[in-house]
file structure.pdb (PDB, C-alpha atoms)
ATOM      1  CA  MET A 186      -6.332  16.035   3.948
ATOM      2  CA  GLU A 187      -5.665  14.991   7.538
ATOM      3  CA  GLU A 188      -7.429  13.254  10.413
ATOM      4  CA  ASN A 189      -9.666  15.321  12.726
ATOM      5  CA  LYS A 190      -8.005  14.701  16.106
ATOM      6  CA  ASN A 191     -10.946  16.396  17.881
ATOM      7  CA  GLU A 192     -13.573  14.012  16.481
ATOM      8  CA  ILE A 193     -15.389  12.289  19.394
ATOM      9  CA  PHE A 194     -15.462   8.492  19.648
ATOM     10  CA  PRO A 195     -17.369   6.336  22.104
ATOM     11  CA  ILE A 196     -15.290   4.408  24.630
ATOM     12  CA  VAL A 197     -16.660   0.888  25.057
ATOM     13  CA  ASP A 198     -16.160  -2.263  27.089
ATOM     14  CA  GLU A 199     -15.403  -5.566  25.330
ATOM     15  CA  ALA A 200     -19.139  -6.253  24.980
ATOM     16  CA  GLY A 201     -19.513  -3.001  23.017
ATOM     17  CA  ARG A 202     -21.377  -1.098  25.743
ATOM     18  CA  VAL A 203     -20.571   2.631  25.755
ATOM     19  CA  VAL A 204     -18.801   3.633  28.979
ATOM     20  CA  GLY A 205     -17.488   7.073  27.997
ATOM     21  CA  GLN A 206     -16.163   9.239  25.183
ATOM     22  CA  ALA A 207     -12.817  10.622  24.028
ATOM     23  CA  SER A 208     -11.275  12.454  21.096
ATOM     24  CA  ARG A 209      -9.672  10.650  18.165
ATOM     25  CA  GLY A 210      -6.363  12.179  19.189
ATOM     26  CA  HIS A 211      -6.602  10.774  22.716
ATOM     27  CA  CYS A 212      -7.729   7.331  21.456
ATOM     28  CA  HIS A 213      -4.657   7.189  19.176
ATOM     29  CA  ASP A 214      -2.053   8.649  21.565
ATOM     30  CA  GLY A 215      -1.196   5.424  23.396
ATOM     31  CA  SER A 216      -4.014   5.727  25.937
ATOM     32  CA  LYS A 217      -5.355   2.329  24.796
ATOM     33  CA  LEU A 218      -8.953   3.490  25.301
ATOM     34  CA  LEU A 219     -11.109   0.814  23.647
ATOM     35  CA  HIS A 220     -13.167   2.354  20.829
ATOM     36  CA  PRO A 221     -15.363   0.655  18.193
ATOM     37  CA  VAL A 222     -14.666   0.406  14.484
ATOM     38  CA  VAL A 223     -16.367  -1.320  11.550
ATOM     39  CA  HIS A 224     -14.683  -3.308   8.786
ATOM     40  CA  LEU A 225     -16.332  -4.612   5.617
ATOM     41  CA  HIS A 226     -14.663  -7.307   3.511
ATOM     42  CA  VAL A 227     -15.934  -6.966  -0.066
ATOM     43  CA  PHE A 228     -15.778  -9.921  -2.460
ATOM     44  CA  ASN A 229     -16.788 -10.219  -6.100
ATOM     45  CA  ALA A 230     -18.382 -13.247  -7.793
ATOM     46  CA  LYS A 231     -14.908 -14.625  -8.666
ATOM     47  CA  GLY A 232     -13.969 -14.788  -4.979
ATOM     48  CA  GLU A 233     -11.539 -11.882  -5.235
ATOM     49  CA  LEU A 234     -11.170  -9.554  -2.249
ATOM     50  CA  PHE A 235     -11.295  -5.775  -2.639
ATOM     51  CA  LEU A 236      -8.579  -3.953  -0.693
ATOM     52  CA  GLN A 237      -7.978  -0.237  -0.207
ATOM     53  CA  ARG A 238      -4.619   1.517  -0.128
ATOM     54  CA  ARG A 239      -4.320   3.788   2.901
ATOM     55  CA  PRO A 240      -3.234   7.324   1.931
ATOM     56  CA  ASP A 241       0.173   8.567   3.017
ATOM     57  CA  TRP A 242      -1.466  11.284   5.183
ATOM     58  CA  LYS A 243      -3.131   8.730   7.515
ATOM     59  CA  ASP A 244      -1.826   8.772  11.088
ATOM     60  CA  ILE A 245      -1.959   4.963  11.390
ATOM     61  CA  GLN A 246      -0.210   2.646   8.872
ATOM     62  CA  PRO A 247      -0.036   5.023   5.890
ATOM     63  CA  GLY A 248       0.584   3.625   2.411
ATOM     64  CA  ARG A 249      -0.395   0.050   3.208
ATOM     65  CA  TRP A 250      -3.192  -2.077   1.763
ATOM     66  CA  ASP A 251      -6.073  -2.833   4.119
ATOM     67  CA  THR A 252      -9.666  -3.988   4.495
ATOM     68  CA  ALA A 253     -11.956  -2.700   1.711
ATOM     69  CA  CYS A 254     -13.702  -0.423   4.165
ATOM     70  CA  GLY A 255     -12.826   0.392   7.728
ATOM     71  CA  GLY A 256     -13.738   3.262   9.944
ATOM     72  CA  HIS A 257     -14.487   4.535  13.388
ATOM     73  CA  VAL A 258     -17.911   4.643  14.955
ATOM     74  CA  ASP A 259     -18.846   8.188  15.959
ATOM     75  CA  PHE A 260     -20.165   8.940  19.432
ATOM     76  CA  GLY A 261     -23.940   8.342  19.433
ATOM     77  CA  GLU A 262     -23.866   6.305  16.202
ATOM     78  CA  SER A 263     -24.873   2.634  15.943
ATOM     79  CA  ILE A 264     -22.552   0.006  14.465
ATOM     80  CA  GLU A 265     -24.970  -0.488  11.557
ATOM     81  CA  ASP A 266     -25.221   3.243  10.798
ATOM     82  CA  ALA A 267     -21.432   3.590  10.970
ATOM     83  CA  LEU A 268     -21.044   0.735   8.486
ATOM     84  CA  VAL A 269     -23.473   2.314   6.004
ATOM     85  CA  ARG A 270     -21.771   5.731   6.385
ATOM     86  CA  GLU A 271     -18.225   4.384   5.995
ATOM     87  CA  VAL A 272     -19.072   2.175   2.988
ATOM     88  CA  TRP A 273     -20.670   5.160   1.237
ATOM     89  CA  GLU A 274     -17.842   7.579   2.164
ATOM     90  CA  GLU A 275     -14.987   5.228   1.244
ATOM     91  CA  LEU A 276     -16.366   3.012  -1.546
ATOM     92  CA  GLY A 277     -19.383   4.863  -2.955
ATOM     93  CA  LEU A 278     -21.626   1.834  -2.395
ATOM     94  CA  ARG A 279     -25.245   2.343  -1.363
ATOM     95  CA  PRO A 280     -27.059  -0.135   0.923
ATOM     96  CA  ALA A 281     -28.883  -1.569  -2.125
ATOM     97  CA  ASP A 282     -25.456  -2.484  -3.629
ATOM     98  CA  TYR A 283     -24.445  -4.941  -0.883
ATOM     99  CA  GLN A 284     -25.876  -7.092   1.896
ATOM    100  CA  PRO A 285     -23.516  -7.040   4.888
ATOM    101  CA  GLU A 286     -23.262 -10.189   6.969
ATOM    102  CA  PHE A 287     -21.825  -9.978  10.490
ATOM    103  CA  VAL A 288     -18.740 -12.215  10.847
ATOM    104  CA  THR A 289     -17.134 -11.566  14.228
ATOM    105  CA  ARG A 290     -15.988  -9.020  16.766
ATOM    106  CA  TYR A 291     -12.502  -8.848  18.262
ATOM    107  CA  VAL A 292     -10.179  -6.533  20.165
ATOM    108  CA  PHE A 293      -7.221  -5.279  18.152
ATOM    109  CA  GLU A 294      -4.299  -3.753  20.022
ATOM    110  CA  SER A 295      -1.242  -1.977  18.662
ATOM    111  CA  SER A 296       1.396   0.095  20.397
ATOM    112  CA  ARG A 297      -0.855   3.169  19.965
ATOM    113  CA  GLU A 298      -4.458   2.032  20.313
ATOM    114  CA  ARG A 299      -7.113  -0.573  21.148
ATOM    115  CA  GLU A 300     -10.130  -1.074  18.887
ATOM    116  CA  LEU A 301     -13.234  -3.212  19.159
ATOM    117  CA  VAL A 302     -13.426  -4.366  15.529
ATOM    118  CA  ASN A 303     -16.872  -5.302  14.192
ATOM    119  CA  VAL A 304     -16.289  -7.368  11.049
ATOM    120  CA  PHE A 305     -18.772  -7.767   8.207
ATOM    121  CA  ARG A 306     -18.496  -9.360   4.758
ATOM    122  CA  THR A 307     -20.408  -9.042   1.502
ATOM    123  CA  THR A 308     -20.324 -10.182  -2.103
ATOM    124  CA  THR A 309     -21.345  -7.600  -4.683
ATOM    125  CA  ALA A 310     -21.549  -7.226  -8.437
ATOM    126  CA  VAL A 311     -21.137  -3.439  -8.099
ATOM    127  CA  GLN A 312     -17.630  -2.063  -8.618
ATOM    128  CA  PRO A 313     -16.469  -0.020  -5.593
ATOM    129  CA  HIS A 314     -15.283   3.514  -6.387
ATOM    130  CA  PRO A 315     -12.713   4.582  -3.756
ATOM    131  CA  SER A 316     -13.123   8.155  -2.572
ATOM    132  CA  ASP A 317     -10.466  10.779  -1.856
ATOM    133  CA  GLU A 318     -10.294   9.326   1.689
ATOM    134  CA  LEU A 319      -8.374   6.411   0.125
ATOM    135  CA  ASP A 320      -5.429   6.094  -2.224
ATOM    136  CA  GLY A 321      -7.279   3.767  -4.551
ATOM    137  CA  GLY A 322      -8.264   0.154  -4.299
ATOM    138  CA  ARG A 323      -8.791  -2.983  -6.343
ATOM    139  CA  PHE A 324      -9.797  -6.633  -6.233
ATOM    140  CA  PHE A 325      -7.032  -9.131  -5.410
ATOM    141  CA  SER A 326      -7.102 -12.847  -6.144
ATOM    142  CA  PRO A 327      -6.434 -15.234  -3.241
ATOM    143  CA  GLU A 328      -3.115 -16.116  -4.918
ATOM    144  CA  GLU A 329      -2.009 -12.461  -5.050
ATOM    145  CA  ILE A 330      -2.812 -12.045  -1.377
ATOM    146  CA  GLN A 331      -0.976 -15.239  -0.433
ATOM    147  CA  GLN A 332       2.139 -14.110  -2.347
ATOM    148  CA  ARG A 333       2.286 -10.807  -0.434
ATOM    149  CA  LEU A 334       1.722 -12.180   3.079
ATOM    150  CA  GLY A 335       4.640 -11.515   5.414
ATOM    151  CA  SER A 336       5.732  -8.394   3.521
ATOM    152  CA  ASP A 337       5.160  -4.728   4.339
ATOM    153  CA  PHE A 338       2.422  -4.583   1.696
ATOM    154  CA  PHE A 339      -0.540  -5.070   4.077
ATOM    155  CA  THR A 340      -1.418  -3.306   7.307
ATOM    156  CA  GLU A 341      -0.017  -5.103  10.297
ATOM    157  CA  ARG A 342      -2.148  -6.544  13.018
ATOM    158  CA  ASP A 343      -0.124  -6.553  16.253
ATOM    159  CA  THR A 344      -2.413  -8.575  18.491
ATOM    160  CA  PHE A 345      -6.051  -9.423  18.648
ATOM    161  CA  GLN A 346      -8.349 -11.424  20.824
ATOM    162  CA  LYS A 347     -11.785 -12.698  19.915
ATOM    163  CA  VAL A 348     -14.572 -11.595  22.198
ATOM    164  CA  SER A 349     -18.108 -12.895  22.564
ATOM    165  CA  ASN A 350     -20.454 -11.930  19.751
TER     166      ASN A 350
END

call {"tool": "encode", "arguments": {"input": "structure.pdb", "output": "structure tokens"}}
result
Amino acid sequence: MEENKNEIFPIVDEAGRVVGQASRGHCHDGSKLLHPVVHLHVFNAKGELFLQRRPDWKDIQPGRWDTACGGHVDFGESIEDALVREVWEELGLRPADYQPEFVTRYVFESSRERELVNVFRTTTAVQPHPSDELDGGRFFSPEEIQQRLGSDFFTERDTFQKVSN
């Protein structure tokens, strides 16, 4: 499996207003075109956080552990619809399985890209079932996460700035 570099993403301003469009390949080639993504942090009743392992074929940060669900918003798609689509595609959870709560929005910038990250959280009793888009996933206790901070275990976050919600 590999990323579709011709997939079309919306280009947005920091308020999330669409100002253009570009291919995935162009958004990830160092152009720094700001494009929206959704992230869902999934907790269980014990306060453990579900994380996914990024497959080795991913073009960005392969093999590292990351947010339970994260994905790009397609051109013409709303943030809410992208969240529902990504959660189903990556974790096999239906909207009835979780109640997403908006947390924040921020700009993430790496050496290759800029993303407007729309962050949501949920607590669910339903076990996520990672799809073939991922290389598995599991719940981590806060202690396990704390022990691995500062290592190459998690995806890195170069810089980010909070923007108005």

call {"tool": "residues_around", "arguments": {"input": "structure.pdb", "residues": "region 317-332 of chain A", "least_positions_apart": "2", "cutoff": "9 Å", "atoms": "all atoms listed in the file", "output": "NGL selection string"}}
result
:A and (186 or 227-229 or 231-241 or 248 or 250 or 253 or 274-276 or 313-315 or 334-336)

call {"tool": "atom_distance", "arguments": {"input": "structure.pdb", "atom1": "CA of Val292 (chain A)", "atom2": "CA of Asp337 (chain A)"}}
result
22.1 Å

call {"tool": "residues_around", "arguments": {"input": "structure.pdb", "residues": "region 204-221 of chain A", "least_positions_apart": "5", "cutoff": "8 Å", "atoms": "all atoms listed in the file", "output": "list in words"}}
result
Asn189, Lys190, Asn191, Glu192, Ile193, Phe194, Pro195, Ile196, Val197, Asp198, Glu199, His257, Val258, Phe260, Glu294, Ser296, Arg297, Glu298, Arg299, Glu300, Leu301, Val302 and Asn303 of chain A

call {"tool": "atom_distance", "arguments": {"input": "structure.pdb", "atom1": "CA of Ile264 (chain A)", "atom2": "CA of Phe338 (chain A)"}}
result
28.4 Å

call {"tool": "closest_residue", "arguments": {"input": "structure.pdb", "among": "A:Glu286, A:Trp273, A:Glu341, A:Gly201", "to": "Ile245 (chain A)", "atoms": "only C-alpha atoms"}}
result
A:Glu341

call {"tool": "closest_residue", "arguments": {"input": "structure.pdb", "among": "A:Gln284, A:Thr252, A:Thr289, A:Ser316", "to": "His226 (chain A)", "atoms": "only C-alpha atoms"}}
result
A:Thr252

call {"tool": "atom_distance", "arguments": {"input": "structure.pdb", "atom1": "CA of Tyr283 (chain A)", "atom2": "CA of Val222 (chain A)"}}
result
19.0 Å

call {"tool": "decode", "arguments": {"input": "structure.pdb", "residues": "region 276-315 of chain A", "atoms": "N, CA and C atoms", "output": "short mmCIF file (atom, residue, chain, number, x, y, z; two decimals), in the first residue's frame"}}
result
data_model
loop_
_atom_site.label_atom_id
_atom_site.label_comp_id
_atom_site.auth_asym_id
_atom_site.auth_seq_id
_atom_site.Cartn_x
_atom_site.Cartn_y
_atom_site.Cartn_z
N LEU A 276 -10.09 2.93 12.45
CA LEU A 276 -10.37 2.24 13.71
C LEU A 276 -11.60 1.36 13.70
N GLY A 277 -12.40 1.42 12.62
CA GLY A 277 -13.61 0.61 12.54
C GLY A 277 -14.68 1.02 13.53
N LEU A 278 -14.64 2.26 14.00
CA LEU A 278 -15.66 2.75 14.93
C LEU A 278 -16.72 3.53 14.16
N ARG A 279 -17.98 3.24 14.48
CA ARG A 279 -19.11 3.96 13.88
C ARG A 279 -19.45 5.15 14.77
N PRO A 280 -20.14 6.16 14.23
CA PRO A 280 -20.50 7.33 15.04
C PRO A 280 -21.23 6.98 16.34
N ALA A 281 -22.01 5.91 16.36
CA ALA A 281 -22.71 5.51 17.59
C ALA A 281 -21.74 4.99 18.67
N ASP A 282 -20.50 4.65 18.27
CA ASP A 282 -19.51 4.09 19.20
C ASP A 282 -18.75 5.14 20.00
N TYR A 283 -18.85 6.40 19.61
CA TYR A 283 -18.05 7.46 20.25
C TYR A 283 -18.74 8.80 20.08
N GLN A 284 -18.45 9.71 20.98
CA GLN A 284 -19.00 11.07 20.91
C GLN A 284 -17.83 12.03 20.89
N PRO A 285 -17.41 12.49 19.71
CA PRO A 285 -16.24 13.37 19.65
C PRO A 285 -16.52 14.74 20.26
N GLU A 286 -15.54 15.23 20.98
CA GLU A 286 -15.60 16.56 21.59
C GLU A 286 -14.44 17.36 21.02
N PHE A 287 -14.73 18.54 20.46
CA PHE A 287 -13.68 19.39 19.91
C PHE A 287 -12.80 19.88 21.06
N VAL A 288 -11.47 19.82 20.86
CA VAL A 288 -10.51 20.25 21.89
C VAL A 288 -9.84 21.55 21.49
N THR A 289 -9.20 21.56 20.33
CA THR A 289 -8.45 22.74 19.89
C THR A 289 -8.10 22.62 18.42
N ARG A 290 -7.54 23.68 17.92
CA ARG A 290 -7.02 23.71 16.54
C ARG A 290 -5.66 24.40 16.62
N TYR A 291 -4.68 23.86 15.89
CA TYR A 291 -3.36 24.47 15.87
C TYR A 291 -2.68 24.22 14.54
N VAL A 292 -1.66 25.01 14.25
CA VAL A 292 -0.85 24.82 13.05
C VAL A 292 0.38 24.01 13.44
N PHE A 293 0.57 22.90 12.75
CA PHE A 293 1.75 22.06 12.92
C PHE A 293 2.65 22.28 11.71
N GLU A 294 3.93 22.46 11.95
CA GLU A 294 4.87 22.64 10.85
C GLU A 294 6.08 21.75 11.04
N SER A 295 6.42 21.02 10.00
CA SER A 295 7.65 20.23 9.96
C SER A 295 8.51 20.74 8.82
N SER A 296 9.59 20.07 8.55
CA SER A 296 10.45 20.48 7.45
C SER A 296 9.79 20.25 6.09
N ARG A 297 8.74 19.43 6.05
CA ARG A 297 8.08 19.08 4.79
C ARG A 297 6.70 19.66 4.58
N GLU A 298 6.00 20.03 5.67
CA GLU A 298 4.60 20.39 5.51
C GLU A 298 4.10 21.31 6.62
N ARG A 299 2.91 21.89 6.38
CA ARG A 299 2.16 22.65 7.39
C ARG A 299 0.73 22.14 7.38
N GLU A 300 0.23 21.80 8.58
CA GLU A 300 -1.13 21.29 8.71
C GLU A 300 -1.92 22.12 9.71
N LEU A 301 -3.19 22.33 9.42
CA LEU A 301 -4.11 22.91 10.39
C LEU A 301 -4.79 21.72 11.06
N VAL A 302 -4.36 21.42 12.29
CA VAL A 302 -4.79 20.22 13.00
C VAL A 302 -6.04 20.53 13.83
N ASN A 303 -7.11 19.81 13.55
CA ASN A 303 -8.37 19.93 14.29
C ASN A 303 -8.44 18.74 15.23
N VAL A 304 -8.33 19.01 16.54
CA VAL A 304 -8.19 17.96 17.54
C VAL A 304 -9.52 17.70 18.26
N PHE A 305 -9.86 16.42 18.34
CA PHE A 305 -11.05 15.96 19.04
C PHE A 305 -10.63 14.88 20.03
N ARG A 306 -11.46 14.64 21.03
CA ARG A 306 -11.23 13.56 21.99
C ARG A 306 -12.53 12.82 22.22
N THR A 307 -12.42 11.57 22.69
CA THR A 307 -13.60 10.80 23.05
C THR A 307 -13.20 9.72 24.05
N THR A 308 -14.17 9.26 24.81
CA THR A 308 -14.01 8.08 25.66
C THR A 308 -15.02 7.07 25.16
N THR A 309 -14.57 5.84 24.96
CA THR A 309 -15.46 4.81 24.42
C THR A 309 -15.24 3.48 25.13
N ALA A 310 -16.30 2.69 25.19
CA ALA A 310 -16.21 1.34 25.72
C ALA A 310 -15.99 0.32 24.59
N VAL A 311 -16.02 0.79 23.35
CA VAL A 311 -15.86 -0.08 22.18
C VAL A 311 -14.37 -0.19 21.83
N GLN A 312 -13.90 -1.40 21.66
CA GLN A 312 -12.50 -1.64 21.31
C GLN A 312 -12.25 -1.26 19.85
N PRO A 313 -11.32 -0.31 19.59
CA PRO A 313 -10.97 -0.01 18.20
C PRO A 313 -10.34 -1.22 17.52
N HIS A 314 -10.59 -1.35 16.22
CA HIS A 314 -10.01 -2.43 15.41
C HIS A 314 -9.24 -1.79 14.26
N PRO A 315 -7.92 -1.59 14.45
CA PRO A 315 -7.12 -0.92 13.41
C PRO A 315 -7.21 -1.64 12.07
#
